[in-house]
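Asks: Submitted below is the structure of interest, expressed as structure tokens.
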Amino acid sequence: MIVIPAIDLKDGKCVRLLQGRKEDVTVYSEDPAAMARHWEDMGAELLHVVDLDGAFTGEQKNFDKIRAIREAISIPIELGGGIRDLERIEMLIDLGVDRTIIGTSAATDPEMVREACGKFPGKVIVGIDAKDGMVAVKGWVEVTELEAIEFARQMEKTGAAGIIYTDISRDGMLSGPNIGAMAKMVESVQIPVIASGGVAQLEDLKKLMSIQNLWGVITGKALYAGSMDLKEAIALTKAGV
């Protein structure tokens, strides 16, 4: 299991939201590219980037910042937020984004995901954000009638290279991940699953490491708030303790 630091972009700044609410925002850095270099220097093997403006509006408004991040680091980048069509995916891949994350459009237009996976094999992963086990979309504003695990199985069949599974109730709360829900998700599909939401301390990583075949974990607020050190977190997962 690898530890993946997150950079959330809003109005060109590195921020964190509380449970996805755009009014509950904390700015951590005015220079996302410098933050990206910092996480790479700390040993990160992959960077998770979210364009929050894109997630809420469907349009990438932080394209220059995404380009600056890509130019600043050499490790792979996965990026989500507002990716709603093949043209956007191609544009981001041409920019150097290694994997694009489709969230809302996966739920509303699964055929687009199928086409994207066929055209860009290995470069499309699906972000599944769940509230009480049901898929939420449009920056978590709307909760659908799609059951998260069944939806993940559908996305696997479309050719998705992986799943990022977020428990909205835990995200940004530093309350610990939902181990039971995460374990069920990992057991339900064969493609890699990345956990997201609620990781607050090293003890949370140990619990996630107990889930066999969990590929990775995204953490944001814990790193920015100082409750977890990225170097220590990476060392822990490498040691397999």
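Naming works like this for the structure tokens: A, B, ... for the chains as they're shown, residue 1 at the start of each chain, ligands 1 onward in shown order.
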Taking the backbone alone, and naming residues the way the document does, which bits of segment 17-77 of chain A are alpha helix (DSSP H) by DSSP, as a list of chain:residue names?

Replies: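 So the alpha helix (DSSP H) residues in segment 17-77 of chain A would be A:Pro32, A:Ala33, A:Ala34, A:Met35, A:Ala36, A:Arg37, A:His38, A:Trp39, A:Glu40, A:Asp41, A:Leu52, A:Asp53, A:Gly54, A:Ala55, A:Phe56, A:Thr57, A:Phe63, A:Asp64, A:Lys65, A:Ile66, A:Arg67, A:Ala68, A:Ile69, A:Arg70, A:Glu71, A:Ala72.
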
Asks: Create the file for the chosen residues now, containing C-alpha atoms and written as a PDB file, in the first residue's frame.

Replies:
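The file below, again28.pdb, is the result:
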```pdb
ATOM      1  CA  PRO A  32       0.571  24.504  -5.335  1.00  0.00           C
ATOM      2  CA  ALA A  33       3.657  23.709  -7.417  1.00  0.00           C
ATOM      3  CA  ALA A  34       5.934  24.360  -4.444  1.00  0.00           C
ATOM      4  CA  MET A  35       3.696  22.134  -2.320  1.00  0.00           C
ATOM      5  CA  ALA A  36       3.951  19.398  -4.943  1.00  0.00           C
ATOM      6  CA  ARG A  37       7.761  19.617  -4.831  1.00  0.00           C
ATOM      7  CA  HIS A  38       7.616  19.401  -1.059  1.00  0.00           C
ATOM      8  CA  TRP A  39       5.650  16.142  -1.128  1.00  0.00           C
ATOM      9  CA  GLU A  40       7.966  14.692  -3.774  1.00  0.00           C
ATOM     10  CA  ASP A  41      10.975  15.637  -1.642  1.00  0.00           C
ATOM     11  CA  LEU A  52     -12.312  21.626  -6.853  1.00  0.00           C
ATOM     12  CA  ASP A  53     -13.529  24.409  -9.099  1.00  0.00           C
ATOM     13  CA  GLY A  54     -13.850  21.817 -11.839  1.00  0.00           C
ATOM     14  CA  ALA A  55     -15.720  19.444  -9.538  1.00  0.00           C
ATOM     15  CA  PHE A  56     -18.274  22.088  -8.643  1.00  0.00           C
ATOM     16  CA  THR A  57     -18.682  23.735 -12.047  1.00  0.00           C
ATOM     17  CA  PHE A  63      -5.255  24.622 -15.737  1.00  0.00           C
ATOM     18  CA  ASP A  64      -2.186  26.849 -15.327  1.00  0.00           C
ATOM     19  CA  LYS A  65      -1.637  25.562 -11.795  1.00  0.00           C
ATOM     20  CA  ILE A  66      -1.977  21.963 -12.992  1.00  0.00           C
ATOM     21  CA  ARG A  67       0.644  22.663 -15.661  1.00  0.00           C
ATOM     22  CA  ALA A  68       2.930  24.235 -13.063  1.00  0.00           C
ATOM     23  CA  ILE A  69       2.595  21.190 -10.801  1.00  0.00           C
ATOM     24  CA  ARG A  70       3.402  18.871 -13.690  1.00  0.00           C
ATOM     25  CA  GLU A  71       6.486  20.876 -14.565  1.00  0.00           C
ATOM     26  CA  ALA A  72       7.623  21.017 -10.941  1.00  0.00           C
TER      27      ALA A  72
END
```

Asks: Go through A:Lys123, A:Cys14, A:Val189, A:Tyr165 and flag the residue nearest Asp94 of chain A, using only C-alpha atoms for the distances.

Replies: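 Of A:Lys123, A:Cys14, A:Val189, A:Tyr165, the one nearest Asp94 of chain A is A:Lys123, counting only C-alpha atoms.
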
Asks: Give me the residues of segment 21-115 of chain A that have any atom at most 10 Å from an atom of segment 148-151 of chain A; for each, the nearest atom pair and the distance in Å, rounded to one decimal. Use only C-alpha atoms, sort by chain and number, and format it as a Markdown table.

Replies:
```
| residue | atom | partner | partner_atom | distance |
| --- | --- | --- | --- | --- |
| A:Ala106 | CA | A:Phe151 | CA | 9.2 |
| A:Ala107 | CA | A:Phe151 | CA | 8.0 |
| A:Pro110 | CA | A:Phe151 | CA | 9.9 |
```

Asks: For Met91 of chain A, which of A:Val135, A:Leu208, A:Arg16, A:Gln60 is the closest residue, counting only C-alpha atoms?

Replies: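 Under the stated criterion, the closest residue is A:Gln60.
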
Asks: For Ile163 of chain A, which residue out of A:Glu111, A:Gly133, A:Val217, A:Lys207 is the nearest one, using only C-alpha atoms?

Replies: A:Val217

Asks: Under the rule that only C-alpha atoms are counted, which of A:Ile89, A:Ala222, A:Leu95, A:Ala136 is the nearest residue to Phe120 of chain A?

Replies: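 For Phe120 of chain A, the nearest of the candidates is A:Ile89.
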
Asks: Write out as a ChimeraX atom specification each polymer residue whose atoms come within 6 Å of Thr100 of chain A, counting only C-alpha atoms; drop sequence neighbours fewer than 6 positions from it.

Replies: /A:78-80,124

Asks: For the residues in the current selection, export N, CA and C atoms as a PDB file, in the first residue's frame.

Replies:
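Once written, again_24.pdb looks like this:
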```pdb
ATOM      1  N   GLU A  78      -2.123  11.895 -10.625  1.00  0.00           N
ATOM      2  CA  GLU A  78      -3.498  11.558 -10.978  1.00  0.00           C
ATOM      3  C   GLU A  78      -4.340  12.783 -10.677  1.00  0.00           C
ATOM      4  N   LEU A  79      -5.287  13.079 -11.573  1.00  0.00           N
ATOM      5  CA  LEU A  79      -6.029  14.328 -11.433  1.00  0.00           C
ATOM      6  C   LEU A  79      -7.514  14.117 -11.709  1.00  0.00           C
ATOM      7  N   GLY A  80      -8.332  14.729 -10.851  1.00  0.00           N
ATOM      8  CA  GLY A  80      -9.769  14.680 -11.027  1.00  0.00           C
ATOM      9  C   GLY A  80     -10.399  16.035 -10.770  1.00  0.00           C
ATOM     10  N   VAL A 124      -7.351   5.956 -17.115  1.00  0.00           N
ATOM     11  CA  VAL A 124      -8.645   6.414 -16.611  1.00  0.00           C
ATOM     12  C   VAL A 124      -9.028   5.617 -15.375  1.00  0.00           C
TER      13      VAL A 124
END
```

Asks: May I ask which of the residues A:Arg99, A:Lys238, A:Arg153, A:Lys61 is the closest one to Gly82 of chain A, counting only C-alpha atoms?

Replies: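 Once distances to Gly82 of chain A are computed over only C-alpha atoms, the minimum belongs to A:Lys61.
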
Asks: Give the answer as one residue: which of A:Val186, A:Ile73, A:Val126, A:Ala195 has the shortest atom-to-atom distance to Val113 of chain A, using only C-alpha atoms?

Replies: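 Ranking A:Val186, A:Ile73, A:Val126, A:Ala195 by distance to Val113 of chain A, first place goes to A:Val126.
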
Asks: For atom CA of Met134 of chain A and atom CA of Glu147 of chain A, determine how far apart the two atoms are, in Å to one decimal place.

Replies: 4.7 Å

Asks: Can you measure atom CA of Ser196 of chain A to atom CA of Ile102 of chain A for me? One decimal in Å is fine.

Replies: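 Separating atom CA of Ser196 of chain A from atom CA of Ile102 of chain A is a distance of 15.1 Å.
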
Asks: Report as a PyMOL selection string all protein, DNA and RNA residues lying within 6 Å of Ile4 of chain A, evaluated on only C-alpha atoms, omitting residues in the same chain fewer than 4 positions from it.

Replies: chain A and resi 46-47+217-218
